Structure formats: C-alpha cells, structure tokens
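A.B. asks: Got my_file.cif for you, mmCIF, C-alpha atoms:
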data_final
loop_
_atom_site.label_atom_id
_atom_site.label_comp_id
_atom_site.auth_asym_id
_atom_site.auth_seq_id
_atom_site.Cartn_x
_atom_site.Cartn_y
_atom_site.Cartn_z
CA MET O 472 -37.89 -0.90 15.96
CA ASN O 473 -37.08 1.33 13.02
CA LEU O 474 -34.23 -0.32 11.11
CA ILE O 475 -32.29 1.71 8.55
CA TYR O 476 -31.10 0.11 5.29
CA PRO O 477 -28.39 1.22 2.86
CA LEU O 478 -30.40 1.66 -0.36
CA ASN O 479 -33.35 3.87 -1.13
CA VAL O 480 -35.27 1.47 -3.40
CA LYS O 481 -38.80 0.12 -3.54
CA ASN O 482 -39.48 -3.31 -4.99
CA GLU O 483 -42.79 -5.15 -5.15
CA PHE O 484 -42.78 -8.90 -4.69
CA VAL O 485 -44.51 -11.56 -2.63
CA PHE O 486 -42.52 -13.79 -0.29
CA ASN O 487 -44.23 -16.48 1.77
CA SER O 488 -42.15 -18.02 4.50
CA THR O 489 -43.27 -21.61 3.78
CA ALA O 490 -41.52 -24.93 3.19
CA ARG O 491 -42.30 -24.55 -0.56
CA ASP O 492 -40.70 -21.15 -0.98
CA PHE O 493 -37.98 -21.06 1.69
CA THR O 494 -35.21 -23.61 2.26
CA VAL O 495 -32.31 -23.32 4.71
CA GLU O 496 -29.38 -25.72 4.47
CA GLU O 497 -26.58 -25.96 7.03
CA ILE O 498 -22.98 -25.97 5.77
CA PRO O 499 -20.88 -27.95 8.30
CA LEU O 500 -17.65 -26.47 9.64
CA TYR O 501 -15.69 -29.60 8.69
CA GLU O 502 -16.20 -33.01 7.13
CA PHE O 503 -17.41 -35.74 9.44
CA THR O 504 -14.79 -38.42 10.06
CA GLY O 505 -16.82 -41.54 9.24
CA GLU O 506 -15.76 -43.21 12.50
CA GLY O 507 -16.34 -42.76 16.23
CA GLU O 508 -19.01 -43.31 18.85
CA HIS O 509 -21.40 -40.60 17.64
CA LEU O 510 -23.85 -40.78 14.76
CA VAL O 511 -24.51 -37.62 12.74
CA LEU O 512 -27.95 -37.48 11.11
CA HIS O 513 -28.58 -35.25 8.11
CA VAL O 514 -32.22 -34.35 8.72
CA ARG O 515 -34.82 -32.55 6.63
CA LYS O 516 -37.70 -30.99 8.54
CA LYS O 517 -40.57 -28.68 7.66
CA ASP O 518 -43.13 -26.59 9.56
CA MET O 519 -41.64 -27.27 12.98
CA THR O 520 -38.95 -25.74 15.19
CA THR O 521 -35.59 -27.39 15.79
CA TRP O 522 -36.65 -27.98 19.43
CA GLU O 523 -39.80 -29.81 18.27
CA MET O 524 -37.76 -31.94 15.88
CA LEU O 525 -35.25 -32.83 18.63
CA ASP O 526 -38.14 -33.78 20.93
CA VAL O 527 -39.60 -36.15 18.32
CA LEU O 528 -36.23 -37.79 17.63
CA SER O 529 -35.19 -38.09 21.28
CA ASN O 530 -38.59 -39.57 22.24
CA HIS O 531 -38.26 -42.15 19.46
CA VAL O 532 -34.79 -43.18 20.64
CA GLY O 533 -35.66 -42.95 24.35
CA ILE O 534 -33.10 -40.33 25.41
CA ARG O 535 -33.30 -36.79 26.79
CA ARG O 536 -33.25 -33.90 24.34
CA ARG O 537 -30.06 -32.56 25.91
CA ASP O 538 -28.26 -35.81 25.00
CA MET O 539 -28.58 -34.84 21.32
CA GLY O 540 -26.23 -32.47 19.57
CA TYR O 541 -27.23 -29.78 17.06
CA ALA O 542 -25.39 -26.90 15.38
CA GLY O 543 -28.10 -24.24 15.15
CA LEU O 544 -31.78 -23.38 15.58
CA LYS O 545 -33.61 -23.14 12.26
CA ASP O 546 -36.77 -21.43 11.08
CA LYS O 547 -40.10 -23.11 11.73
CA HIS O 548 -41.76 -21.77 8.56
CA ALA O 549 -39.29 -23.27 6.11
CA MET O 550 -37.87 -26.51 4.80
CA THR O 551 -34.58 -26.90 6.67
CA LEU O 552 -31.73 -29.34 6.22
CA GLN O 553 -29.59 -29.64 9.31
CA TYR O 554 -27.25 -31.91 11.24
CA VAL O 555 -27.96 -33.48 14.62
CA SER O 556 -26.02 -36.13 16.52
CA VAL O 557 -26.80 -39.01 18.90
CA LEU O 558 -24.66 -41.78 20.34
CA ALA O 559 -24.14 -44.43 17.67
CA VAL O 560 -25.58 -47.17 19.92
CA HIS O 561 -29.01 -45.86 18.86
CA GLU O 562 -28.38 -46.48 15.15
CA GLU O 563 -30.67 -49.54 14.95
CA LYS O 564 -33.65 -47.75 16.55
CA LEU O 565 -33.34 -44.88 14.07
CA LYS O 566 -33.68 -47.22 11.09
CA ALA O 567 -37.35 -47.63 12.00
CA PHE O 568 -37.98 -43.88 12.32
CA THR O 569 -40.76 -42.33 10.21
CA HIS O 570 -42.51 -38.98 10.57
CA ASP O 571 -44.57 -36.81 8.22
CA LYS O 572 -42.50 -33.66 8.88
CA ILE O 573 -39.03 -35.15 9.45
CA LYS O 574 -36.90 -37.28 7.15
CA ILE O 575 -33.44 -38.66 7.97
CA LEU O 576 -31.59 -38.24 4.66
CA SER O 577 -28.32 -39.93 5.65
CA THR O 578 -26.16 -40.89 8.62
CA VAL O 579 -22.40 -40.89 9.21
CA ARG O 580 -20.18 -41.73 12.20
CA HIS O 581 -18.17 -39.00 13.92
CA ASN O 582 -15.80 -38.68 16.90
CA ASN O 583 -17.78 -36.15 18.89
CA LYS O 584 -21.16 -34.59 19.58
CA ILE O 585 -22.22 -31.69 17.35
CA ARG O 586 -22.00 -28.39 19.25
CA VAL O 587 -23.96 -25.17 18.78
CA GLY O 588 -22.14 -22.94 16.29
CA HIS O 589 -20.20 -25.75 14.58
CA LEU O 590 -21.22 -24.31 11.22
CA LYS O 591 -19.47 -22.58 8.37
CA GLY O 592 -22.74 -20.91 7.42
CA ASN O 593 -26.17 -21.50 5.92
CA ARG O 594 -27.37 -21.68 2.32
CA PHE O 595 -30.76 -20.07 1.72
CA ASN O 596 -33.02 -20.84 -1.24
CA ILE O 597 -35.86 -18.38 -1.63
CA ARG O 598 -38.67 -18.00 -4.17
CA LEU O 599 -40.08 -14.50 -4.67
CA LYS O 600 -43.43 -14.33 -6.48
CA LYS O 601 -45.27 -11.74 -8.59
CA VAL O 602 -42.02 -10.24 -9.82
CA LEU O 603 -43.23 -8.44 -12.93
CA GLY O 604 -41.41 -6.60 -15.72
CA VAL O 605 -39.10 -3.88 -14.47
CA GLN O 606 -39.04 -5.37 -10.94
CA LYS O 607 -36.74 -8.13 -12.17
CA ASP O 608 -34.14 -5.61 -13.40
CA LYS O 609 -34.39 -3.64 -10.16
CA LEU O 610 -33.83 -6.81 -8.12
CA ASP O 611 -30.85 -7.70 -10.35
CA SER O 612 -29.30 -4.31 -9.71
CA VAL O 613 -29.83 -4.43 -5.90
CA LEU O 614 -28.33 -7.95 -5.82
CA LYS O 615 -25.30 -6.65 -7.69
CA TRP O 616 -24.86 -3.97 -5.00
CA ILE O 617 -25.27 -6.56 -2.23
CA LYS O 618 -22.66 -8.83 -3.85
CA ALA O 619 -20.15 -5.97 -4.03
CA ASN O 620 -20.86 -4.39 -0.64
CA GLY O 621 -22.56 -6.80 1.77
CA VAL O 622 -25.46 -6.06 4.15
CA PRO O 623 -26.02 -4.84 7.73
CA ASN O 624 -26.24 -7.77 10.15
CA TYR O 625 -29.48 -6.98 12.01
CA PHE O 626 -31.16 -9.59 14.18
CA GLY O 627 -34.29 -10.84 12.40
CA ASN O 628 -37.88 -10.68 13.62
CA GLN O 629 -37.68 -14.29 14.87
CA ARG O 630 -35.54 -12.96 17.72
CA PHE O 631 -38.35 -10.72 18.98
CA GLY O 632 -41.39 -13.03 19.00
CA THR O 633 -44.68 -12.92 17.11
CA ASP O 634 -45.56 -9.39 18.25
CA GLY O 635 -41.98 -8.13 18.12
CA ASN O 636 -41.94 -7.14 21.80
CA ASN O 637 -40.05 -9.98 23.54
CA TRP O 638 -37.33 -7.45 24.31
CA GLU O 639 -39.68 -5.53 26.64
CA GLU O 640 -39.96 -8.51 29.00
CA GLY O 641 -36.22 -9.07 28.56
CA LYS O 642 -35.57 -5.48 29.66
CA LYS O 643 -37.69 -5.96 32.79
CA LEU O 644 -35.83 -9.19 33.59
CA CYS O 645 -32.49 -7.37 33.19
CA GLU O 646 -33.70 -4.55 35.44
CA GLY O 647 -35.06 -7.00 38.03
CA THR O 648 -38.65 -5.69 37.80
CA LEU O 649 -39.84 -9.06 36.43
CA LYS O 650 -39.12 -12.48 37.91
CA MET O 651 -39.14 -15.74 35.99
CA ARG O 652 -38.37 -19.29 37.05
CA ASP O 653 -37.86 -20.94 33.68
CA LYS O 654 -34.12 -20.42 33.07
CA LYS O 655 -34.22 -21.12 29.32
CA THR O 656 -37.08 -18.68 28.61
CA LYS O 657 -35.48 -16.09 30.88
CA GLU O 658 -32.15 -16.32 29.02
CA PHE O 659 -33.92 -16.14 25.65
CA LEU O 660 -35.86 -13.00 26.63
CA MET O 661 -32.79 -11.28 28.11
CA GLY O 662 -30.91 -12.17 24.93
CA SER O 663 -33.76 -10.61 22.99
CA TYR O 664 -33.15 -7.32 24.83
CA GLN O 665 -29.42 -7.57 24.00
CA SER O 666 -30.39 -8.04 20.34
CA TYR O 667 -32.73 -5.04 20.52
CA LEU O 668 -29.91 -2.82 21.81
CA PHE O 669 -27.59 -4.15 19.08
CA ASN O 670 -30.15 -3.41 16.34
CA ASN O 671 -30.68 0.13 17.65
CA TRP O 672 -26.93 0.75 17.76
CA LEU O 673 -26.57 -0.57 14.20
CA SER O 674 -29.42 1.69 13.01
CA LYS O 675 -27.57 4.65 14.54
CA ARG O 676 -24.42 3.67 12.61
CA MET O 677 -26.47 3.30 9.43
CA GLU O 678 -27.78 6.82 10.00
CA LEU O 679 -24.16 7.99 10.25
CA ASN O 680 -23.32 6.26 6.94
CA HIS O 681 -26.23 7.96 5.17
CA LEU O 682 -25.33 11.38 6.59
CA LEU O 683 -21.71 11.04 5.41
CA GLU O 684 -22.96 10.30 1.88
CA LYS O 685 -24.81 13.62 1.78
CA PHE O 686 -22.96 15.98 4.13
CA THR O 687 -19.43 16.95 5.15
CA GLU O 688 -17.73 15.39 8.16
CA ALA O 689 -18.21 18.62 10.15
CA GLU O 690 -21.94 18.82 9.33
CA THR O 691 -22.41 15.13 10.25
CA GLU O 692 -20.62 15.72 13.59
CA GLN O 693 -23.12 18.49 14.36
CA VAL O 694 -26.19 16.39 13.45
CA MET O 695 -24.91 13.40 15.47
CA GLY O 696 -23.82 15.56 18.43
CA LEU O 697 -20.21 14.41 18.15
CA PRO O 698 -17.09 16.45 19.09
CA GLU O 699 -15.45 18.54 16.37
CA GLY O 700 -12.93 16.53 14.34
CA SER O 701 -14.16 13.17 15.62
CA LEU O 702 -15.19 11.97 12.14
CA LYS O 703 -11.96 13.01 10.44
CA GLY O 704 -11.02 10.51 7.71
CA THR O 705 -14.45 8.86 7.46
CA LYS O 706 -16.05 10.38 4.35
CA ALA O 707 -13.25 9.36 1.96
CA GLN O 708 -13.53 5.65 2.88
CA PRO O 709 -14.53 3.39 -0.04
CA ASN O 710 -17.14 1.35 1.88
CA PHE O 711 -20.78 2.28 2.45
CA PHE O 712 -20.27 1.40 6.14
CA LYS O 713 -17.82 3.99 7.45
CA LEU O 714 -15.38 3.03 10.19
CA VAL O 715 -14.65 5.52 12.96
CA GLU O 716 -11.81 5.91 15.47
CA GLY O 717 -12.01 3.32 18.26
CA ASP O 718 -14.15 0.80 16.35
CA VAL O 719 -13.80 -2.84 17.38
CA MET O 720 -13.10 -5.03 14.35
CA MET O 721 -13.08 -8.77 13.79
CA HIS O 722 -11.17 -10.80 11.23
CA TYR O 723 -13.67 -12.07 8.67
CA PRO O 724 -15.41 -14.53 8.33
CA TYR O 725 -14.20 -15.51 11.83
CA GLY O 726 -11.35 -14.50 14.05
CA ARG O 727 -10.16 -12.42 16.92
CA LEU O 728 -11.23 -8.93 17.99
CA PHE O 729 -9.01 -5.86 17.80
CA THR O 730 -9.41 -2.07 17.90
CA VAL O 731 -8.86 0.13 14.84
CA GLU O 732 -5.39 1.70 14.97
CA ASN O 733 -5.07 3.22 11.52
CA LEU O 734 -8.43 4.26 10.06
CA GLU O 735 -7.28 4.48 6.45
CA GLU O 736 -5.48 1.11 6.48
CA GLU O 737 -8.38 -0.61 8.26
CA ALA O 738 -10.89 0.76 5.73
CA LYS O 739 -8.81 -0.91 2.97
CA ARG O 740 -8.79 -4.26 4.81
CA PHE O 741 -12.54 -3.96 5.32
CA GLU O 742 -13.00 -3.21 1.61
CA ALA O 743 -10.94 -6.34 0.82
CA LYS O 744 -13.39 -8.30 3.04
CA ASP O 745 -10.56 -9.39 5.38
CA THR O 746 -12.14 -7.71 8.41
CA ALA O 747 -15.51 -6.34 9.48
CA PRO O 748 -16.73 -3.99 12.24
CA ALA O 749 -18.15 -5.75 15.31
CA GLY O 750 -21.10 -4.34 17.25
CA LEU O 751 -21.73 -4.79 20.95
CA LEU O 752 -24.05 -7.30 22.57
CA PRO O 753 -23.91 -5.59 25.96
CA GLY O 754 -23.04 -7.52 29.11
CA LYS O 755 -20.08 -8.78 31.09
CA LYS O 756 -16.71 -9.99 29.79
CA THR O 757 -16.64 -8.23 26.45
CA LYS O 758 -14.48 -5.66 24.70
CA HIS O 759 -15.84 -2.11 24.43
CA SER O 760 -15.07 0.36 21.69
CA THR O 761 -13.27 3.61 22.47
CA SER O 762 -12.96 7.18 21.12
CA THR O 763 -15.66 8.20 18.57
CA ALA O 764 -17.03 4.65 18.30
CA GLY O 765 -17.32 4.54 22.10
CA LEU O 766 -19.37 7.76 22.16
CA ILE O 767 -21.85 6.33 19.62
CA GLU O 768 -21.97 2.97 21.42
CA ALA O 769 -22.42 4.38 24.95
CA PRO O 770 -26.27 4.72 24.97
CA TYR O 771 -26.57 1.00 24.04
CA ALA O 772 -23.79 -0.35 26.30
CA GLU O 773 -26.07 -1.17 29.23
CA ASP O 774 -24.64 -2.96 32.23
CA LEU O 775 -26.53 -6.25 31.90
CA ASN O 776 -26.15 -9.23 34.20
CA LEU O 777 -25.35 -11.69 31.41
CA ASP O 778 -22.35 -12.38 29.22
CA GLY O 779 -21.76 -9.87 26.47
CA ALA O 780 -20.11 -10.45 23.09
CA ARG O 781 -19.29 -8.75 19.82
CA ARG O 782 -21.16 -9.59 16.62
CA TYR O 783 -20.39 -8.66 13.02
CA ALA O 784 -22.19 -5.42 12.18
CA TRP O 785 -21.68 -5.94 8.46
CA ILE O 786 -21.60 -9.26 6.61
CA GLN O 787 -20.89 -10.54 3.10
CA VAL O 788 -23.45 -12.42 1.02
CA THR O 789 -21.70 -15.10 -1.06
CA GLU O 790 -22.49 -17.72 -3.71
CA ILE O 791 -25.40 -15.62 -5.00
CA LYS O 792 -27.37 -17.37 -7.75
CA LYS O 793 -30.58 -16.17 -9.35
CA ASN O 794 -33.07 -17.49 -11.87
CA TYR O 795 -36.11 -15.69 -13.28
CA VAL O 796 -39.04 -17.86 -14.37
CA GLU O 797 -40.84 -15.40 -16.61
CA GLU O 798 -44.05 -17.37 -17.25
CA LYS O 799 -44.66 -17.71 -13.50
CA ALA O 800 -43.17 -14.31 -12.54
CA HIS O 801 -40.99 -16.15 -9.98
CA TYR O 802 -37.57 -14.88 -9.00
CA GLU O 803 -35.56 -17.76 -7.51
CA LEU O 804 -32.65 -16.79 -5.35
CA SER O 805 -29.90 -18.68 -3.55
CA PHE O 806 -27.11 -17.31 -1.32
CA VAL O 807 -24.85 -18.19 1.61
CA LEU O 808 -24.59 -16.25 4.88
CA PRO O 809 -22.27 -16.78 7.87
CA LYS O 810 -23.77 -18.65 10.85
CA GLY O 811 -26.14 -16.70 13.06
CA CYS O 812 -27.17 -14.32 10.26
CA TYR O 813 -30.71 -13.82 9.01
CA ALA O 814 -31.98 -14.07 5.40
CA THR O 815 -34.38 -11.21 6.23
CA ASN O 816 -31.39 -8.82 6.00
CA VAL O 817 -31.08 -9.63 2.29
CA LEU O 818 -34.85 -9.65 1.67
CA ASP O 819 -35.38 -6.31 3.44
CA ILE O 820 -32.75 -4.62 1.27
CA LEU O 821 -34.25 -6.17 -1.89
CA ARG O 822 -37.69 -4.91 -0.85
CA GLY O 823 -36.43 -1.50 0.24
CA GLY O 824 -37.76 0.84 2.88
CA THR O 825 -37.52 0.21 6.61
CA ALA O 826 -38.84 -2.54 8.84
#
When written as structure tokens, how does the structure in this file appear?

C.D. replies:
Amino acid sequence: MNLIYPLNVKNEFVFNSTARDFTVEEIPLYEFTGEGEHLVLHVRKKDMTTWEMLDVLSNHVGIRRRDMGYAGLKDKHAMTLQYVSVLAVHEEKLKAFTHDKIKILSTVRHNNKIRVGHLKGNRFNIRLKKVLGVQKDKLDSVLKWIKANGVPNYFGNQRFGTDGNNWEEGKKLCEGTLKMRDKKTKEFLMGSYQSYLFNNWLSKRMELNHLLEKFTEAETEQVMGLPEGSLKGTKAQPNFFKLVEGDVMMHYPYGRLFTVENLEEEAKRFEAKDTAPAGLLPGKKTKHSTSTAGLIEAPYAEDLNLDGARRYAWIQVTEIKKNYVEEKAHYELSFVLPKGCYATNVLDILRGGTA
C-alpha cells in the first residue's frame, strides 16, 4: 500500500514501539457518575493486547469476557491506560488482583457498562530517539504545520496484520472465494479489506491535493481523467486537502453527515475546523458521495456484504506538547487524536516519505 503524505520532508529519528517509549491514554467521553451497579476500572497494561488483558481480568473474577465493557482496543507494544467495566458485585474479588503486566489504578461506580467508542479521544506520549542537531528544528517546523493543518486519517499498520496483507484474505471472504467459520476473525479480516479500500481512496485524494498545488485545475482534471470543469473552485481553497463537488462532510469532531452544497462556504467551515471530509468504508447502509467526489470514489465503492460507514478523511491533532532533551538526543512528544485514529499518521508525516 503506497500511502501519500502532505509534506515532502525527510527526518531521521528512531522510534521503538515499546512500553518505555509509547504511551496511549484514553480520554473518556464523560465523567463517571460515582454511583450505580457497574464498576469502572482505570487499568494500566503493557506488552499485551486489550483482548489478553480482558481475558486475565475476566478469568480472575470468574465471568465471561463479553460480560466486561471496554471503550477501545489499544496497542500491544505500548503502555496503555484504559477504562473497562464489570458489575460492581465483583468489587471484592478485584481487590486481590495482581499481575505483572496489568495494574488497576483506580475504580469508580457508574450507571452503565462501558461501550465501544465511548471515548472523546486518546492522548499519545511518544519518545523519539537519536534526534540530532538540525533534525530538532525540522521536527519543530513539521509539528507547526500539523498543528495548523491536521493530518490525513489513514488506517495504521495494526489494521493489516504483521505482514500487512490481512486485506487479501478479507477480499477473498468478501468475494466468497474463501470460507471461514470463526465469525470474529472473519469480520476483522473483511473490515481490513474495507480499511484497505479507504486508504487507497484517501491516497488518490492526496494525489489530487498535490497536483492542485503544482498545476491548474484544467491540467489536474486531465491527469486525473476527470470531466472538464469538474474541479472548478478547488485550487483557490485555503486548505491543503481540497474539497470537490459532491463530497460527503461530517461535523467535527463528531456529528451528522451531509453533502457539500456550496464549495466555497464549505471550504471556509473546514478551514475553521467545524467540519471535515468523510471517506467511504464501503458496504451497505451508508451515504455515497456524488458528482466529482463520486467519480473519484467509484473505484473503491465496492458492493460488500457488510455494513458500510463514513470515516473522517482528515483529522486535527490537538494539545501538542514537545520537549527536547539535548543530552540524550530525545524528542518527547504528546498529542491528542479523536477516537479510532492512529498515532502513526503523525509519525509518518514527521518522518516524511511514504509508507
């Protein structure tokens, strides 16, 4: 998968995805009430998946994994702080819980079970190593661009498995040329193919953005094989990511879907970070783009036998903090992303080049 990024930079640094150098912290959607029949655990885990952590906790309590609530799946190769819930009747048993990779930091009562997606976002803390001399200034300047503009919302490598080819099995499952009994694995692999189509569509839109920086609208139409006049009003837009007629937008950072009606007005709302373009996760029951956006989307809008959705194509990176430790040549970085977004999108733009 050849992903296209907005900046033509090249930065040298070392990043190890380990619990020492990579922390992910969930930001809850709302405050927990402090009363109710559920118990919310604030848990710190390292070097294990969320599923593995839930297995350990549910085995200790003596319940099924599905009886536990969680808000999101977190990286294995990281220190992660996340929220899980159990029925409060198990509170006593949890007091005796100990594990070398899991620590229960605190507990609080709440009225209901935690559901997937009940998150405002995630805070990432990352340590980059071997950042020498001029590299620090280059990273500073790329971060400044990211803060002002945002980043493309690609799915990260985790979505595609160790060898990056999960989507191939997913494609065969979608086409019916591969059969699989395990429902959970099947859904994950088919979702991986959805993600692959989304990433390819987003790369195509990134190509369009780069072309419009260098060429006229008419020249870009020719290169992209689009009808004459279909990119009218795109080049003058203030954002790096150019909107086109028929784009599906979403209110940002969450909200309903709608189709662009006035390109110029919508570009201003996008610049003000009130809205963002939404790419297609192909499947049933989802809104499709029309006009120019529909023409670009068509090759990726496969008729898949699973539910489709729209996902932000472009996201904002907030609460950016940085600290350079000169004697160690460490560049410490902290930022917040909306739920379901990958830190690799920020790291890949800092590093430069394509994935």

A.B. asks: Just say which residues the PyMOL selection byres ((chain O and resi 598-615) around 6) picks in this file, as a ChimeraX atom specification.

C.D. replies: /O:484-486,492,597,616-618,800-803

A.B. asks: Could you save those same residues with C-alpha atoms as a PDB file, in the coordinates of the input?

C.D. replies:
ATOM      1  CA  PHE O 484     -42.780  -8.900  -4.690  1.00  0.00           C
ATOM      2  CA  VAL O 485     -44.510 -11.560  -2.630  1.00  0.00           C
ATOM      3  CA  PHE O 486     -42.520 -13.790  -0.290  1.00  0.00           C
ATOM      4  CA  ASP O 492     -40.700 -21.150  -0.980  1.00  0.00           C
ATOM      5  CA  ILE O 597     -35.860 -18.380  -1.630  1.00  0.00           C
ATOM      6  CA  TRP O 616     -24.860  -3.970  -5.000  1.00  0.00           C
ATOM      7  CA  ILE O 617     -25.270  -6.560  -2.230  1.00  0.00           C
ATOM      8  CA  LYS O 618     -22.660  -8.830  -3.850  1.00  0.00           C
ATOM      9  CA  ALA O 800     -43.170 -14.310 -12.540  1.00  0.00           C
ATOM     10  CA  HIS O 801     -40.990 -16.150  -9.980  1.00  0.00           C
ATOM     11  CA  TYR O 802     -37.570 -14.880  -9.000  1.00  0.00           C
ATOM     12  CA  GLU O 803     -35.560 -17.760  -7.510  1.00  0.00           C
TER      13      GLU O 803
END

A.B. asks: Applied to the shown file, which residues does the PyMOL selection byres ((chain O and resi 644-661) around 10) return, written as a VMD selection string?

C.D. replies: chain O and resid 630 to 632 636 to 643 662 to 667 773 to 777

A.B. asks: Export C-alpha atoms of the chosen residues as an mmCIF file, in the coordinates of the input?

C.D. replies:
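File written: part33.cif
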data_model
loop_
_atom_site.group_PDB
_atom_site.id
_atom_site.type_symbol
_atom_site.label_atom_id
_atom_site.label_comp_id
_atom_site.auth_asym_id
_atom_site.auth_seq_id
_atom_site.Cartn_x
_atom_site.Cartn_y
_atom_site.Cartn_z
ATOM 1 C CA ARG O 630 -35.540 -12.960 17.720
ATOM 2 C CA PHE O 631 -38.350 -10.720 18.980
ATOM 3 C CA GLY O 632 -41.390 -13.030 19.000
ATOM 4 C CA ASN O 636 -41.940 -7.140 21.800
ATOM 5 C CA ASN O 637 -40.050 -9.980 23.540
ATOM 6 C CA TRP O 638 -37.330 -7.450 24.310
ATOM 7 C CA GLU O 639 -39.680 -5.530 26.640
ATOM 8 C CA GLU O 640 -39.960 -8.510 29.000
ATOM 9 C CA GLY O 641 -36.220 -9.070 28.560
ATOM 10 C CA LYS O 642 -35.570 -5.480 29.660
ATOM 11 C CA LYS O 643 -37.690 -5.960 32.790
ATOM 12 C CA GLY O 662 -30.910 -12.170 24.930
ATOM 13 C CA SER O 663 -33.760 -10.610 22.990
ATOM 14 C CA TYR O 664 -33.150 -7.320 24.830
ATOM 15 C CA GLN O 665 -29.420 -7.570 24.000
ATOM 16 C CA SER O 666 -30.390 -8.040 20.340
ATOM 17 C CA TYR O 667 -32.730 -5.040 20.520
ATOM 18 C CA GLU O 773 -26.070 -1.170 29.230
ATOM 19 C CA ASP O 774 -24.640 -2.960 32.230
ATOM 20 C CA LEU O 775 -26.530 -6.250 31.900
ATOM 21 C CA ASN O 776 -26.150 -9.230 34.200
ATOM 22 C CA LEU O 777 -25.350 -11.690 31.410
#

A.B. asks: Just how far from atom CA of O:Leu474 is atom CA of O:Asp634, in Å to one decimal?

C.D. replies: 16.2 Å

A.B. asks: Pick out the closest residue to O:Gly779 from this set: O:Lys545, O:Lys799, O:Arg586, O:Lys755. Count all atoms listed in the file.

C.D. replies: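 Of O:Lys545, O:Lys799, O:Arg586, O:Lys755, the one nearest O:Gly779, counting all atoms listed in the file, is O:Lys755.
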
A.B. asks: Have a look at O:Leu714, O:Val622, O:Leu751, O:Val532 and name the one nearest to O:Asn733; count all atoms listed in the file.

C.D. replies: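 Going through O:Leu714, O:Val622, O:Leu751, O:Val532 one by one, the smallest distance to O:Asn733 is for O:Leu714.
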
A.B. asks: Could you state the separation of atom CA of O:Gln787 and atom CA of O:Pro724 in Å, given to one decimal place?

C.D. replies: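 Result for atom CA of O:Gln787 versus atom CA of O:Pro724: 8.6 Å, one decimal.
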
A.B. asks: So which residues are close to (-39.7, -29.1, 4.8), meaning at most 7 Å away in the file's coordinates with only C-alpha atoms counted, and can you show them as a list in words?

C.D. replies: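 Nearby residues: Ala490, Arg515, Lys516, Lys517, Asp518, Ala549, Met550, Thr551 and Lys572 of chain O.
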
A.B. asks: Using the atoms already present, construct N, CA and C atoms for stretch 728-746 of chain O and hand them back as a tab-separated table (two decimals), in the coordinates of the input.

C.D. replies:
chain	number	residue	atom	x	y	z
O	728	LEU	N	-10.83	-10.34	17.93
O	728	LEU	CA	-11.23	-8.93	17.99
O	728	LEU	C	-10.00	-8.04	18.14
O	729	PHE	N	-10.07	-6.86	17.57
O	729	PHE	CA	-9.01	-5.86	17.80
O	729	PHE	C	-9.61	-4.48	17.56
O	730	THR	N	-8.93	-3.45	18.05
O	730	THR	CA	-9.41	-2.07	17.90
O	730	THR	C	-8.70	-1.40	16.73
O	731	VAL	N	-9.44	-0.60	15.98
O	731	VAL	CA	-8.86	0.13	14.84
O	731	VAL	C	-7.70	1.00	15.32
O	732	GLU	N	-6.54	0.86	14.64
O	732	GLU	CA	-5.39	1.70	14.97
O	732	GLU	C	-5.17	2.75	13.89
O	733	ASN	N	-5.24	2.29	12.63
O	733	ASN	CA	-5.07	3.22	11.52
O	733	ASN	C	-6.32	3.16	10.66
O	734	LEU	N	-7.11	4.24	10.71
O	734	LEU	CA	-8.43	4.26	10.06
O	734	LEU	C	-8.35	3.98	8.56
O	735	GLU	N	-7.40	4.62	7.91
O	735	GLU	CA	-7.28	4.48	6.45
O	735	GLU	C	-6.90	3.06	6.05
O	736	GLU	N	-5.91	2.49	6.77
O	736	GLU	CA	-5.48	1.11	6.48
O	736	GLU	C	-6.60	0.11	6.75
O	737	GLU	N	-7.32	0.34	7.87
O	737	GLU	CA	-8.38	-0.61	8.26
O	737	GLU	C	-9.52	-0.57	7.26
O	738	ALA	N	-9.81	0.63	6.74
O	738	ALA	CA	-10.89	0.76	5.73
O	738	ALA	C	-10.55	-0.05	4.48
O	739	LYS	N	-9.25	-0.12	4.15
O	739	LYS	CA	-8.81	-0.91	2.97
O	739	LYS	C	-8.99	-2.41	3.25
O	740	ARG	N	-8.64	-2.83	4.46
O	740	ARG	CA	-8.79	-4.26	4.81
O	740	ARG	C	-10.26	-4.65	4.84
O	741	PHE	N	-11.10	-3.72	5.30
O	741	PHE	CA	-12.54	-3.96	5.32
O	741	PHE	C	-13.07	-4.06	3.88
O	742	GLU	N	-12.57	-3.18	3.02
O	742	GLU	CA	-13.00	-3.21	1.61
O	742	GLU	C	-12.59	-4.54	0.96
O	743	ALA	N	-11.43	-5.07	1.37
O	743	ALA	CA	-10.94	-6.34	0.82
O	743	ALA	C	-11.65	-7.55	1.45
O	744	LYS	N	-12.60	-7.25	2.37
O	744	LYS	CA	-13.39	-8.30	3.04
O	744	LYS	C	-12.55	-9.19	3.96
O	745	ASP	N	-11.42	-8.66	4.44
O	745	ASP	CA	-10.56	-9.39	5.38
O	745	ASP	C	-11.01	-9.17	6.83
O	746	THR	N	-11.67	-8.04	7.07
O	746	THR	CA	-12.14	-7.71	8.41
O	746	THR	C	-13.55	-7.13	8.30
